[in-house]
>>> print(open('final.cif').read())   # mmCIF, C-alpha atoms, pLDDT in the B column; chains and numbers go by the auth columns
data_model
loop_
_atom_site.group_PDB
_atom_site.id
_atom_site.type_symbol
_atom_site.label_atom_id
_atom_site.label_comp_id
_atom_site.label_asym_id
_atom_site.label_seq_id
_atom_site.Cartn_x
_atom_site.Cartn_y
_atom_site.Cartn_z
_atom_site.B_iso_or_equiv
_atom_site.auth_seq_id
_atom_site.auth_asym_id
ATOM 1 C CA MET A 1 8.694 -0.293 16.556 93.00 1 A
ATOM 2 C CA PHE A 2 9.342 1.100 13.111 94.00 2 A
ATOM 3 C CA ILE A 3 8.826 4.483 11.478 94.00 3 A
ATOM 4 C CA VAL A 4 7.759 5.036 7.876 94.00 4 A
ATOM 5 C CA PRO A 5 7.705 8.431 6.131 94.00 5 A
ATOM 6 C CA ALA A 6 4.477 10.390 6.494 92.00 6 A
ATOM 7 C CA SER A 7 4.591 11.117 2.760 91.00 7 A
ATOM 8 C CA LEU A 8 3.857 7.453 1.898 89.00 8 A
ATOM 9 C CA ASP A 9 0.389 6.649 0.670 89.00 9 A
ATOM 10 C CA GLU A 10 -1.785 4.305 2.725 87.00 10 A
ATOM 11 C CA GLU A 11 -1.322 1.371 0.342 91.00 11 A
ATOM 12 C CA THR A 12 2.465 1.452 0.631 90.00 12 A
ATOM 13 C CA ALA A 13 2.314 1.829 4.417 88.00 13 A
ATOM 14 C CA ALA A 14 -0.112 -1.112 4.620 90.00 14 A
ATOM 15 C CA ALA A 15 2.207 -3.143 2.369 91.00 15 A
ATOM 16 C CA THR A 16 5.112 -2.405 4.715 90.00 16 A
ATOM 17 C CA GLN A 17 3.041 -3.558 7.697 91.00 17 A
ATOM 18 C CA GLU A 18 2.080 -6.719 5.848 92.00 18 A
ATOM 19 C CA ARG A 19 5.718 -7.333 4.885 91.00 19 A
ATOM 20 C CA VAL A 20 6.724 -7.259 8.567 90.00 20 A
ATOM 21 C CA ARG A 21 3.790 -9.500 9.497 92.00 21 A
ATOM 22 C CA THR A 22 4.639 -12.091 6.828 92.00 22 A
ATOM 23 C CA TYR A 23 8.339 -11.989 7.642 91.00 23 A
ATOM 24 C CA VAL A 24 7.674 -12.821 11.303 90.00 24 A
ATOM 25 C CA SER A 25 5.107 -15.522 10.580 91.00 25 A
ATOM 26 C CA SER A 26 7.223 -17.167 7.861 90.00 26 A
ATOM 27 C CA ARG A 27 10.122 -17.485 10.323 87.00 27 A
ATOM 28 C CA GLY A 28 8.001 -19.335 12.865 87.00 28 A
ATOM 29 C CA GLY A 29 7.199 -16.295 14.986 89.00 29 A
ATOM 30 C CA GLU A 30 3.880 -14.919 16.098 93.00 30 A
ATOM 31 C CA VAL A 31 2.497 -11.397 15.663 93.00 31 A
ATOM 32 C CA HIS A 32 0.431 -10.495 18.716 94.00 32 A
ATOM 33 C CA SER A 33 -0.444 -6.983 17.529 93.00 33 A
ATOM 34 C CA LEU A 34 0.653 -4.543 14.864 91.00 34 A
ATOM 35 C CA GLU A 35 -0.876 -1.137 15.371 91.00 35 A
ATOM 36 C CA PRO A 36 -0.101 2.302 13.986 90.00 36 A
ATOM 37 C CA TRP A 37 0.590 5.001 16.567 92.00 37 A
ATOM 38 C CA GLY A 38 -0.011 7.715 14.031 90.00 38 A
ATOM 39 C CA ARG A 39 1.828 10.604 12.497 93.00 39 A
ATOM 40 C CA ARG A 40 4.320 12.420 14.714 94.00 40 A
ATOM 41 C CA ARG A 41 7.042 14.992 14.294 95.00 41 A
ATOM 42 C CA LEU A 42 10.543 13.525 14.306 93.00 42 A
ATOM 43 C CA ALA A 43 13.094 14.871 16.778 93.00 43 A
ATOM 44 C CA PHE A 44 15.485 15.509 13.891 94.00 44 A
ATOM 45 C CA PRO A 45 15.181 15.153 10.114 94.00 45 A
ATOM 46 C CA ILE A 46 15.852 11.670 8.764 92.00 46 A
ATOM 47 C CA GLN A 47 16.569 11.521 5.045 91.00 47 A
ATOM 48 C CA ARG A 48 14.896 14.959 4.674 92.00 48 A
ATOM 49 C CA HIS A 49 11.693 13.742 6.358 93.00 49 A
ATOM 50 C CA HIS A 50 10.385 15.821 9.259 95.00 50 A
ATOM 51 C CA ASP A 51 7.312 13.703 10.053 95.00 51 A
ATOM 52 C CA GLY A 52 6.861 9.970 10.349 95.00 52 A
ATOM 53 C CA VAL A 53 4.180 7.385 11.010 94.00 53 A
ATOM 54 C CA TYR A 54 5.061 5.216 13.998 95.00 54 A
ATOM 55 C CA HIS A 55 4.025 1.545 14.154 94.00 55 A
ATOM 56 C CA ILE A 56 4.238 -0.682 17.223 94.00 56 A
ATOM 57 C CA ALA A 57 4.525 -4.439 16.704 93.00 57 A
ATOM 58 C CA ARG A 58 4.347 -6.929 19.558 94.00 58 A
ATOM 59 C CA ILE A 59 5.843 -10.197 18.322 93.00 59 A
ATOM 60 C CA SER A 60 7.284 -13.469 19.578 92.00 60 A
ATOM 61 C CA LEU A 61 10.402 -14.491 17.715 89.00 61 A
ATOM 62 C CA SER A 62 13.597 -16.370 18.524 89.00 62 A
ATOM 63 C CA ALA A 63 16.789 -14.417 19.177 87.00 63 A
ATOM 64 C CA GLU A 64 18.438 -15.672 15.996 89.00 64 A
ATOM 65 C CA GLN A 65 15.479 -14.613 13.897 89.00 65 A
ATOM 66 C CA THR A 66 15.401 -11.103 15.390 89.00 66 A
ATOM 67 C CA ILE A 67 18.844 -10.501 13.889 91.00 67 A
ATOM 68 C CA ASP A 68 17.427 -11.371 10.460 90.00 68 A
ATOM 69 C CA LEU A 69 14.354 -9.206 11.103 90.00 69 A
ATOM 70 C CA GLU A 70 16.587 -6.268 11.992 92.00 70 A
ATOM 71 C CA ARG A 71 18.562 -6.775 8.784 93.00 71 A
ATOM 72 C CA ALA A 72 15.342 -6.891 6.740 91.00 72 A
ATOM 73 C CA LEU A 73 14.052 -3.689 8.355 91.00 73 A
ATOM 74 C CA ARG A 74 17.371 -1.952 7.746 93.00 74 A
ATOM 75 C CA LEU A 75 17.264 -2.903 4.051 93.00 75 A
ATOM 76 C CA ASN A 76 13.621 -1.883 3.587 90.00 76 A
ATOM 77 C CA GLU A 77 13.583 1.536 1.911 90.00 77 A
ATOM 78 C CA GLN A 78 10.192 2.493 3.387 91.00 78 A
ATOM 79 C CA VAL A 79 11.417 2.119 6.983 93.00 79 A
ATOM 80 C CA LEU A 80 13.192 5.231 8.260 94.00 80 A
ATOM 81 C CA ARG A 81 14.102 3.847 11.696 95.00 81 A
ATOM 82 C CA HIS A 82 13.351 0.733 13.710 94.00 82 A
ATOM 83 C CA LEU A 83 13.898 -0.460 17.245 94.00 83 A
ATOM 84 C CA ILE A 84 13.635 -4.027 18.554 92.00 84 A
ATOM 85 C CA VAL A 85 13.295 -4.371 22.315 92.00 85 A
ATOM 86 C CA ARG A 86 12.864 -7.507 24.397 89.00 86 A
ATOM 87 C CA ALA A 87 9.827 -7.264 26.679 85.00 87 A
ATOM 88 C CA ASP A 88 9.965 -9.122 29.963 75.00 88 A
#
>>> encode(input="final.cif", output="structure tokens")
Amino acid sequence: MFIVPASLDEETAAATQERVRTYVSSRGGEVHSLEPWGRRRLAFPIQRHHDGVYHIARISLSAEQTIDLERALRLNEQVLRHLIVRAD
């Protein structure tokens, strides 16, 4: 899951989604689904943003590559927060 600011235009948000999709596929992973959950109010302001657009990504990726994905999401300026969880 990752959150982008609600103030981003649709092109930039779509580019961020595509960046995540290409990052996973270029590392040998597979993107099962990448769907936006929509705009929601944040529990607390993050970088002066009160609303965010949530995106849920279901991917298959090796454990070593998830560390690199987390680093890439942390460095991406359009991503406010992210969370990577292993699904059983």
>>> closest_residue(input="final.cif", among="A:Ile59, A:Ala13, A:Ser7, A:Pro45", to="Ser25 in chain A", atoms="only C-alpha atoms")
A:Ile59
>>> closest_residue(input="final.cif", among="A:Ala6, A:Ile46, A:Leu83, A:Ala15", to="Thr66 in chain A", atoms="all atoms listed in the file")
A:Leu83
>>> residues_around(input="final.cif", residues="Leu69 in chain A", least_positions_apart="4", cutoff="12 Å", atoms="all atoms listed in the file", output="list in words")
Met1, Phe2, Arg19, Val20, Arg21, Thr22, Tyr23, Val24, Ser25, Ser26, Arg27, Gly29, Ile59, Ser60, Leu61, Ser62, Ala63, Glu64, Gln65, Leu73, Arg74, Leu75, Asn76, His82, Leu83 and Ile84 of chain A
>>> closest_residue(input="final.cif", among="A:Asp88, A:Glu35, A:Glu77, A:Glu10", to="Gln47 in chain A", atoms="all atoms listed in the file")
A:Glu77
>>> residues_around(input="final.cif", residues="Arg58 in chain A", least_positions_apart="5", cutoff="8 Å", atoms="all atoms listed in the file", output="list of chain:residue names")
A:Val31, A:His32, A:Ser33, A:Leu34
>>> atom_distance(input="final.cif", atom1="CA of Trp37 in chain A", atom2="CA of Val53 in chain A")
7.0 Å
>>> resolve_selection(input="final.cif", expression="the PyMOL selection byres ((chain A and resi 38) around 8)", output="PyMOL selection string")
chain A and resi 36-37+39-40+53-55
>>> atom_distance(input="final.cif", atom1="CA of His49 in chain A", atom2="CA of Ile67 in chain A")
26.4 Å
>>> closest_residue(input="final.cif", among="A:Leu8, A:Ala43, A:Arg86, A:Arg71", to="Ala57 in chain A", atoms="all atoms listed in the file")
A:Arg86
>>> atom_distance(input="final.cif", atom1="CA of Val79 in chain A", atom2="CA of Gly52 in chain A")
9.7 Å
>>> closest_residue(input="final.cif", among="A:Pro5, A:Glu30, A:Glu11, A:Thr16", to="Arg48 in chain A", atoms="only C-alpha atoms")
A:Pro5
>>> axis_aligned_box(input="final.cif", around="range 25-34 of chain A", padding_each_side="6 Å", output="AutoDock Vina command-line options")
--center_x 4.8 --center_y -11.9 --center_z 13.3 --size_x 22.6 --size_y 26.8 --size_z 22.9
>>> closest_residue(input="final.cif", among="A:Gly28, A:Val85, A:Thr12, A:Val4", to="Arg41 in chain A", atoms="only C-alpha atoms")
A:Val4
